[in-house]
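Colleague: Take this structure, written in structure tokens, and hold onto it; I'll ask about it next.
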Amino acid sequence: MGPHPAVAAIRLAVRRVLNDILAEHGRTPGRLSPDERSSSPLVLVACSGGADSMALASALAFEAPRAGLRAGGVTVDHGLQAGSALRAAEVASRLRELGLAPVESVAVTVGRDGGPEAAARDARYAALDTAAERHRAAAVLLGHTRDDQAETVLLGLARGSGIRSLSGMAAVSGADGRYRRPFLQLDRQTARKACMVQSLPVWDDPHNTDPAYTRSRLRHEGLPALEKALGKGVVEALARTAQLSRDDADALDAWAGKAAAGVRDADGRLECAALGDLPPAVRRRVLRRAAIEAGAPAGSLFARHIEEVDRLITGWRGQGAINLPGRVVARRQGGRLVIRQG
């Protein structure tokens with residue numbers, strides 16, 4: 001008798017990702033001898049103790065030895081709730097019980113930039129990056145599900161930041177493809193069911209039900225309202241939208257990357273006439289890239305900023321300079337667009 005369908009589904013998703021990692025390292029799946037173990041690539045799982053990441057940790061612990069990979073875990077203590085250090089220690093202990101090694105708990109200080117959710121996310125990824133570099137990990141697995149993807153698409157839609165914001169989370173992201181998300185095609189209930197049938201302890205973060213947080217309101221009020229109005233299948237449709245949008249955005253980004261060199265003069269300055277000849281979607285990407293290269297933080301650079309700069313090209317009426325995040329200024333001078341910190 002095989003494993004429960006939910007367990008089989010999460011293991012298959014993880015197995016596919018591990019096979020990709022093996023291929024990238026020129027290896028084939030297979031159990032390791034004791035002599036080979038120390039030199040095999042290490043894969044870490046980021047685990048909060050919630051159902052999604054615990055299901056992921058259990059699947060990694062099962063699949064990694066069979067694939068010929070080492071597997072460890074990291075849990076991040078954000079310090080935002082009473083008893084968070086003890087809870088993080090408990091999660092680390094559960095990961096060790098699954099057979100993962102190395103395992104560590106990392107405490108972080110959450111700042112204020114971008115709001116509480118963004119600040120916590122930034123602190124978490126910084127800690128995961130540091131842990132991955134310290135252990136020379138080949139990859140870090142994240143437990144984001146199809147439901148998380150749907151929420152991310154809706155949040156992007158609400159920001160009105162264009163097609164890239166609708167593309168949601170990538171299955172592979174980060175420096176050198178560090179972050180992998182095996183569960184983007186699986187729903188949250190599958191992960192929870194897998195934990196239940198394996199008797200895995202699960203911690204439900206109270207922040208996930210706190211209406212003070214935008215994602216929590218969307219999860220418990222917004223998506224249910226959409227499903228009530230439009231019927232079941234909204235989550236699946238939003239996840240498909242994410243993939244289609246990502247494909248389109250990747251193609252436009254590649255086009256903009258090639259076009260960027262052709263709109264600069266001999267001194268490297270942007271030529272307004274050449275920019276004006278580009279399709280709007282490509283031109284705005286070129287402008288965004290130029291602003292980021294000048295020092296504007298990508299996370300603070302919104303569509304409205306780029307639209308204002310774009311008007312220096314398409315709606316020139318002698319208007320003054322445009323102030324962008326990061327003390328970057330864009331102005332039109334003699335048929336050239338100058339974007340620099342000022």
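Identifiers in this document derive from the order of the structure tokens: chains are assigned A, B, ..., residues are numbered from 1 separately in each chain, and ligands are numbered from 1 in order of occurrence.
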Show me, as an NGL selection string, the residues that have an atom within 8 Å of Val74 in chain A when counting only C-alpha atoms, minus same-chain residues fewer than 6 positions from it.
Modeller: :A and (44-47 or 92 or 103-106 or 128 or 131)
Colleague: Could you give me, as a PyMOL selection string, the residues within 12 Å of Gln243 in chain A, counting only C-alpha atoms and dropping anything in the same chain fewer than 4 positions from it?
Modeller: chain A and resi 146+149-150+153+163-171+184-185+236-239+247-250
Colleague: Would you list the contacts of range 258-261 of chain A as a ChimeraX atom specification, taking every protein, DNA or RNA residue within 10 Å and counting only C-alpha atoms, but skipping same-chain residues closer than 5 positions in sequence?
Modeller: /A:252-253,268,270,274-275,278,282-283,285-287,289-290
Colleague: Restricting the output to C-alpha atoms, write the selected residues as an mmCIF file, in the first residue's frame.
Modeller:
```cif
data_model
loop_
_atom_site.group_PDB
_atom_site.id
_atom_site.type_symbol
_atom_site.label_atom_id
_atom_site.label_comp_id
_atom_site.auth_asym_id
_atom_site.auth_seq_id
_atom_site.Cartn_x
_atom_site.Cartn_y
_atom_site.Cartn_z
ATOM 1 C CA LEU A 252 9.234 41.910 -22.848
ATOM 2 C CA ASP A 253 12.165 42.177 -20.433
ATOM 3 C CA GLY A 268 25.704 56.601 -23.151
ATOM 4 C CA LEU A 270 19.284 58.105 -23.480
ATOM 5 C CA ALA A 274 14.843 56.707 -30.119
ATOM 6 C CA LEU A 275 12.921 55.970 -26.901
ATOM 7 C CA LEU A 278 9.852 51.913 -28.947
ATOM 8 C CA VAL A 282 9.362 48.071 -23.962
ATOM 9 C CA ARG A 283 10.156 51.765 -23.455
ATOM 10 C CA ARG A 285 11.058 48.763 -19.086
ATOM 11 C CA VAL A 286 14.095 50.560 -20.473
ATOM 12 C CA LEU A 287 13.257 53.588 -18.305
ATOM 13 C CA ARG A 289 16.067 49.710 -15.742
ATOM 14 C CA ALA A 290 17.821 53.065 -16.212
#
```
Colleague: Would you mind telling me which residue in A:Ala6, A:Ala139, A:Leu69, A:Ile322 lies nearest to Phe183 in chain A when using only C-alpha atoms?
Modeller: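 Using only C-alpha atoms, the shortest distance to Phe183 in chain A belongs to A:Ala6.
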Colleague: What residues in range 9-150 of chain A get the DSSP label strand (DSSP E or B)? Please answer as a list in words.
Modeller: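 Answer for range 9-150 of chain A, restricted to strand (DSSP E or B): Leu42, Val43, Leu44, Val45, Ala46, Arg70, Ala71, Gly72, Gly73, Val74, Thr75, Val76, Asp77, Val103, Glu104, Ser105, Val106, Ala107, Ala139, Val140 and Leu141 of chain A.
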Colleague: May I have the selected residues written with N, CA, C and O atoms, as a PDB file, in the first residue's frame?
Modeller:
```pdb
ATOM      1  N   LEU A  42      24.025  20.201  -0.862  1.00  0.00           N
ATOM      2  CA  LEU A  42      23.123  20.374   0.274  1.00  0.00           C
ATOM      3  C   LEU A  42      21.912  21.190  -0.147  1.00  0.00           C
ATOM      4  O   LEU A  42      22.048  22.234  -0.790  1.00  0.00           O
ATOM      5  N   VAL A  43      20.729  20.718   0.218  1.00  0.00           N
ATOM      6  CA  VAL A  43      19.492  21.450  -0.011  1.00  0.00           C
ATOM      7  C   VAL A  43      18.877  21.780   1.342  1.00  0.00           C
ATOM      8  O   VAL A  43      18.708  20.890   2.179  1.00  0.00           O
ATOM      9  N   LEU A  44      18.561  23.053   1.562  1.00  0.00           N
ATOM     10  CA  LEU A  44      17.935  23.494   2.803  1.00  0.00           C
ATOM     11  C   LEU A  44      16.445  23.730   2.589  1.00  0.00           C
ATOM     12  O   LEU A  44      16.022  24.091   1.493  1.00  0.00           O
ATOM     13  N   VAL A  45      15.664  23.532   3.647  1.00  0.00           N
ATOM     14  CA  VAL A  45      14.256  23.900   3.612  1.00  0.00           C
ATOM     15  C   VAL A  45      14.043  25.029   4.608  1.00  0.00           C
ATOM     16  O   VAL A  45      14.545  24.989   5.730  1.00  0.00           O
ATOM     17  N   ALA A  46      13.339  26.077   4.181  1.00  0.00           N
ATOM     18  CA  ALA A  46      12.957  27.158   5.085  1.00  0.00           C
ATOM     19  C   ALA A  46      11.646  26.764   5.737  1.00  0.00           C
ATOM     20  O   ALA A  46      10.644  26.552   5.051  1.00  0.00           O
ATOM     21  N   ARG A  70      22.177  15.828   0.310  1.00  0.00           N
ATOM     22  CA  ARG A  70      22.071  16.120   1.735  1.00  0.00           C
ATOM     23  C   ARG A  70      20.935  17.123   1.953  1.00  0.00           C
ATOM     24  O   ARG A  70      20.651  17.944   1.075  1.00  0.00           O
ATOM     25  N   ALA A  71      20.297  17.065   3.111  1.00  0.00           N
ATOM     26  CA  ALA A  71      19.149  17.939   3.375  1.00  0.00           C
ATOM     27  C   ALA A  71      19.238  18.516   4.779  1.00  0.00           C
ATOM     28  O   ALA A  71      19.493  17.789   5.746  1.00  0.00           O
ATOM     29  N   GLY A  72      19.042  19.830   4.874  1.00  0.00           N
ATOM     30  CA  GLY A  72      19.040  20.512   6.156  1.00  0.00           C
ATOM     31  C   GLY A  72      17.881  21.484   6.239  1.00  0.00           C
ATOM     32  O   GLY A  72      17.045  21.559   5.323  1.00  0.00           O
ATOM     33  N   GLY A  73      17.809  22.237   7.323  1.00  0.00           N
ATOM     34  CA  GLY A  73      16.684  23.153   7.503  1.00  0.00           C
ATOM     35  C   GLY A  73      17.064  24.412   8.243  1.00  0.00           C
ATOM     36  O   GLY A  73      18.015  24.432   9.024  1.00  0.00           O
ATOM     37  N   VAL A  74      16.306  25.470   7.982  1.00  0.00           N
ATOM     38  CA  VAL A  74      16.496  26.757   8.653  1.00  0.00           C
ATOM     39  C   VAL A  74      15.130  27.278   9.063  1.00  0.00           C
ATOM     40  O   VAL A  74      14.182  27.258   8.266  1.00  0.00           O
ATOM     41  N   THR A  75      15.014  27.730  10.309  1.00  0.00           N
ATOM     42  CA  THR A  75      13.799  28.419  10.733  1.00  0.00           C
ATOM     43  C   THR A  75      14.200  29.803  11.219  1.00  0.00           C
ATOM     44  O   THR A  75      15.257  29.970  11.834  1.00  0.00           O
ATOM     45  N   VAL A  76      13.390  30.785  10.888  1.00  0.00           N
ATOM     46  CA  VAL A  76      13.716  32.185  11.193  1.00  0.00           C
ATOM     47  C   VAL A  76      12.799  32.689  12.298  1.00  0.00           C
ATOM     48  O   VAL A  76      11.569  32.593  12.200  1.00  0.00           O
ATOM     49  N   ASP A  77      13.404  33.211  13.351  1.00  0.00           N
ATOM     50  CA  ASP A  77      12.669  33.818  14.449  1.00  0.00           C
ATOM     51  C   ASP A  77      12.617  35.320  14.212  1.00  0.00           C
ATOM     52  O   ASP A  77      13.624  36.017  14.335  1.00  0.00           O
ATOM     53  N   VAL A 103      20.700  21.832  10.884  1.00  0.00           N
ATOM     54  CA  VAL A 103      19.474  22.571  11.183  1.00  0.00           C
ATOM     55  C   VAL A 103      19.854  23.731  12.090  1.00  0.00           C
ATOM     56  O   VAL A 103      20.648  23.572  13.019  1.00  0.00           O
ATOM     57  N   GLU A 104      19.298  24.903  11.817  1.00  0.00           N
ATOM     58  CA  GLU A 104      19.562  26.036  12.696  1.00  0.00           C
ATOM     59  C   GLU A 104      18.363  26.966  12.785  1.00  0.00           C
ATOM     60  O   GLU A 104      17.524  27.020  11.880  1.00  0.00           O
ATOM     61  N   SER A 105      18.297  27.662  13.905  1.00  0.00           N
ATOM     62  CA  SER A 105      17.303  28.703  14.120  1.00  0.00           C
ATOM     63  C   SER A 105      18.025  30.043  14.088  1.00  0.00           C
ATOM     64  O   SER A 105      19.031  30.217  14.772  1.00  0.00           O
ATOM     65  N   VAL A 106      17.523  30.967  13.289  1.00  0.00           N
ATOM     66  CA  VAL A 106      18.179  32.269  13.109  1.00  0.00           C
ATOM     67  C   VAL A 106      17.242  33.371  13.581  1.00  0.00           C
ATOM     68  O   VAL A 106      16.108  33.482  13.101  1.00  0.00           O
ATOM     69  N   ALA A 107      17.704  34.187  14.519  1.00  0.00           N
ATOM     70  CA  ALA A 107      16.921  35.328  14.992  1.00  0.00           C
ATOM     71  C   ALA A 107      17.253  36.559  14.156  1.00  0.00           C
ATOM     72  O   ALA A 107      18.414  36.798  13.828  1.00  0.00           O
ATOM     73  N   ALA A 139      20.567  24.961  -2.864  1.00  0.00           N
ATOM     74  CA  ALA A 139      19.237  25.548  -3.023  1.00  0.00           C
ATOM     75  C   ALA A 139      18.548  25.635  -1.667  1.00  0.00           C
ATOM     76  O   ALA A 139      18.917  24.935  -0.716  1.00  0.00           O
ATOM     77  N   VAL A 140      17.540  26.506  -1.604  1.00  0.00           N
ATOM     78  CA  VAL A 140      16.669  26.621  -0.433  1.00  0.00           C
ATOM     79  C   VAL A 140      15.241  26.421  -0.916  1.00  0.00           C
ATOM     80  O   VAL A 140      14.781  27.134  -1.822  1.00  0.00           O
ATOM     81  N   LEU A 141      14.530  25.454  -0.335  1.00  0.00           N
ATOM     82  CA  LEU A 141      13.151  25.179  -0.725  1.00  0.00           C
ATOM     83  C   LEU A 141      12.192  26.012   0.120  1.00  0.00           C
ATOM     84  O   LEU A 141      12.352  26.125   1.334  1.00  0.00           O
TER      85      LEU A 141
END
```
Colleague: Could you give me, as a PyMOL selection string, the residues within 12 Å of Arg16 in chain A, counting only C-alpha atoms and dropping anything in the same chain fewer than 3 positions from it?
Modeller: chain A and resi 9-13+19-23+29+59-60+63-64+67+171+180-183
Colleague: For Gly115 in chain A, which residue among A:Thr28, A:Pro224, A:Tyr213, A:Ala254 is the nearest when counting only C-alpha atoms?
Modeller: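 Of A:Thr28, A:Pro224, A:Tyr213, A:Ala254, the one nearest Gly115 in chain A is A:Tyr213, counting only C-alpha atoms.
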Colleague: Name the closest residue to Ala61 in chain A among the candidates A:Arg15, A:Arg332, A:Arg27, A:His78; distances are taken between atoms, counting only C-alpha atoms.
Modeller: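 When distances to Ala61 in chain A are compared using only C-alpha atoms, the smallest one comes from A:Arg15.
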Colleague: Between CA of Phe302 in chain A and CA of Tyr125 in chain A, what distance in Å does the model show, to one decimal?
Modeller: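 Distance reported for this atom pair: 21.5 Å.
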Colleague: CA of Val338 in chain A to CA of Gly326 in chain A: how many Å, to one decimal?
Modeller: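 Result for CA of Val338 in chain A versus CA of Gly326 in chain A: 15.4 Å, one decimal.
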Colleague: Tell me, counting only C-alpha atoms, for each residue of range 202-304 of chain A within 12 Å of range 79-88 of chain A, which pair of atoms is nearest and how far apart they are in Å to one decimal, in rows ordered by chain and increasing number, as CSV.
Modeller:
```
residue,atom,partner,partner_atom,distance
A:Val202,CA,A:Arg87,CA,11.2
A:Trp203,CA,A:Arg87,CA,8.8
A:Asp204,CA,A:Arg87,CA,11.3
A:Asp205,CA,A:Gln81,CA,9.7
A:Pro206,CA,A:Gln81,CA,9.3
A:His207,CA,A:Gln81,CA,9.4
```
Colleague: To one decimal place in Å, what is the distance between CA of Asp267 in chain A and CA of Pro325 in chain A?
Modeller: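 CA of Asp267 in chain A sits 24.9 Å away from CA of Pro325 in chain A.
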Colleague: With only C-alpha atoms as the atoms that count, which of A:Ala229, A:Leu95, A:Ala175, A:Val263 lies nearest to Ser53 in chain A?
Modeller: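 Going through A:Ala229, A:Leu95, A:Ala175, A:Val263 one by one, the smallest distance to Ser53 in chain A is for A:Leu95.
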Colleague: Within range 105-338 of chain A, find each residue whose DSSP state, derived from the backbone, is alpha helix (DSSP H), and express the selection as a PyMOL selection string.
Modeller: chain A and resi 116-135+146-159+163-166+188-197+214-217+223-230+234-260+272-276+280-293+303-314
Colleague: So that I have them on file, write out the residues from the current selection with C-alpha atoms, as a compact mmCIF listing (two decimals), in the first residue's frame.
Modeller:
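Full text of part-v9.txt as output:
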```txt
# COMPACT_ATOMS: atom_id res chain seq x y z
CA PRO A 116 5.45 45.19 8.60
CA GLU A 117 4.86 42.45 6.03
CA ALA A 118 7.53 43.67 3.61
CA ALA A 119 10.02 44.34 6.43
CA ALA A 120 9.54 40.83 7.85
CA ARG A 121 9.97 39.33 4.38
CA ASP A 122 13.17 41.30 3.76
CA ALA A 123 14.64 40.22 7.11
CA ARG A 124 13.68 36.59 6.47
CA TYR A 125 15.26 36.41 3.02
CA ALA A 126 18.42 38.12 4.25
CA ALA A 127 18.72 35.46 6.96
CA LEU A 128 18.08 32.64 4.48
CA ASP A 129 20.66 34.07 2.07
CA THR A 130 23.24 34.20 4.85
CA ALA A 131 22.47 30.64 5.98
CA ALA A 132 22.66 29.33 2.41
CA GLU A 133 26.03 30.99 1.86
CA ARG A 134 27.38 29.82 5.20
CA HIS A 135 26.47 26.19 4.49
CA ARG A 146 -0.98 27.71 -5.32
CA ASP A 147 -3.14 29.62 -2.81
CA ASP A 148 -0.19 31.86 -1.92
CA GLN A 149 0.37 32.44 -5.62
CA ALA A 150 -3.27 33.51 -6.13
CA GLU A 151 -3.00 35.96 -3.22
CA THR A 152 0.22 37.40 -4.65
CA VAL A 153 -1.42 37.97 -8.04
CA LEU A 154 -4.35 39.81 -6.46
CA LEU A 155 -2.01 41.97 -4.37
CA GLY A 156 -0.10 42.84 -7.54
CA LEU A 157 -3.34 43.69 -9.31
CA ALA A 158 -4.34 46.01 -6.46
CA ARG A 159 -0.98 47.84 -6.70
CA ILE A 163 2.22 42.69 -15.85
CA ARG A 164 5.33 41.80 -13.83
CA SER A 165 3.40 42.25 -10.58
CA LEU A 166 0.75 39.84 -11.92
CA ARG A 188 -2.77 24.61 0.76
CA GLN A 189 -5.20 21.88 1.79
CA THR A 190 -3.00 19.17 0.27
CA ALA A 191 -0.07 20.26 2.43
CA ARG A 192 -2.23 20.37 5.55
CA LYS A 193 -3.66 16.92 4.80
CA ALA A 194 -0.13 15.54 4.33
CA CYS A 195 0.83 16.83 7.78
CA MET A 196 -2.29 15.37 9.35
CA VAL A 197 -1.87 11.84 7.97
CA THR A 214 -3.33 42.90 4.07
CA ARG A 215 -2.61 39.33 3.00
CA SER A 216 -4.65 37.99 5.92
CA ARG A 217 -7.67 40.08 4.90
CA LEU A 223 -10.71 35.36 -1.97
CA PRO A 224 -13.80 33.79 -0.35
CA ALA A 225 -15.86 36.74 -1.63
CA LEU A 226 -14.48 36.23 -5.15
CA GLU A 227 -15.25 32.52 -5.07
CA LYS A 228 -18.76 33.25 -3.84
CA ALA A 229 -19.33 35.72 -6.68
CA LEU A 230 -17.52 33.86 -9.46
CA VAL A 234 -10.66 31.36 -8.87
CA VAL A 235 -7.43 30.25 -7.20
CA GLU A 236 -6.52 27.97 -10.11
CA ALA A 237 -7.32 30.71 -12.63
CA LEU A 238 -5.17 33.25 -10.79
CA ALA A 239 -2.28 30.79 -10.65
CA ARG A 240 -2.58 30.27 -14.43
CA THR A 241 -2.63 34.03 -14.87
CA ALA A 242 0.63 34.23 -12.93
CA GLN A 243 2.39 31.81 -15.27
CA LEU A 244 1.03 33.44 -18.44
CA SER A 245 1.97 36.90 -17.15
CA ARG A 246 5.45 35.69 -16.24
CA ASP A 247 6.01 34.32 -19.74
CA ASP A 248 4.90 37.63 -21.29
CA ALA A 249 6.93 39.73 -18.85
CA ASP A 250 10.07 37.66 -19.44
CA ALA A 251 9.72 38.14 -23.20
CA LEU A 252 9.23 41.91 -22.85
CA ASP A 253 12.17 42.18 -20.43
CA ALA A 254 14.40 40.37 -22.93
CA TRP A 255 13.24 42.73 -25.71
CA ALA A 256 13.91 45.77 -23.50
CA GLY A 257 17.35 44.45 -22.62
CA LYS A 258 18.28 44.29 -26.31
CA ALA A 259 16.65 47.65 -27.08
CA ALA A 260 18.42 49.53 -24.27
CA CYS A 272 14.35 60.77 -26.44
CA ALA A 273 13.58 60.29 -30.15
CA ALA A 274 14.84 56.71 -30.12
CA LEU A 275 12.92 55.97 -26.90
CA GLY A 276 9.77 57.39 -28.48
CA PRO A 280 5.31 51.63 -24.69
CA ALA A 281 5.75 48.35 -22.80
CA VAL A 282 9.36 48.07 -23.96
CA ARG A 283 10.16 51.77 -23.45
CA ARG A 284 8.90 51.77 -19.87
CA ARG A 285 11.06 48.76 -19.09
CA VAL A 286 14.09 50.56 -20.47
CA LEU A 287 13.26 53.59 -18.31
CA ARG A 288 12.75 51.46 -15.21
CA ARG A 289 16.07 49.71 -15.74
CA ALA A 290 17.82 53.07 -16.21
CA ALA A 291 16.29 54.40 -12.99
CA ILE A 292 17.42 51.33 -11.03
CA GLU A 293 20.92 51.58 -12.49
CA ALA A 303 4.35 52.22 -12.18
CA ARG A 304 3.31 55.81 -11.40
CA HIS A 305 6.98 56.81 -11.17
CA ILE A 306 7.80 55.33 -14.55
CA GLU A 307 4.68 56.85 -16.11
CA GLU A 308 5.83 60.32 -15.01
CA VAL A 309 9.27 59.75 -16.52
CA ASP A 310 7.64 58.38 -19.67
CA ARG A 311 5.76 61.67 -20.11
CA LEU A 312 9.12 63.37 -20.55
CA ILE A 313 9.28 61.35 -23.78
CA THR A 314 5.67 61.14 -24.95
```
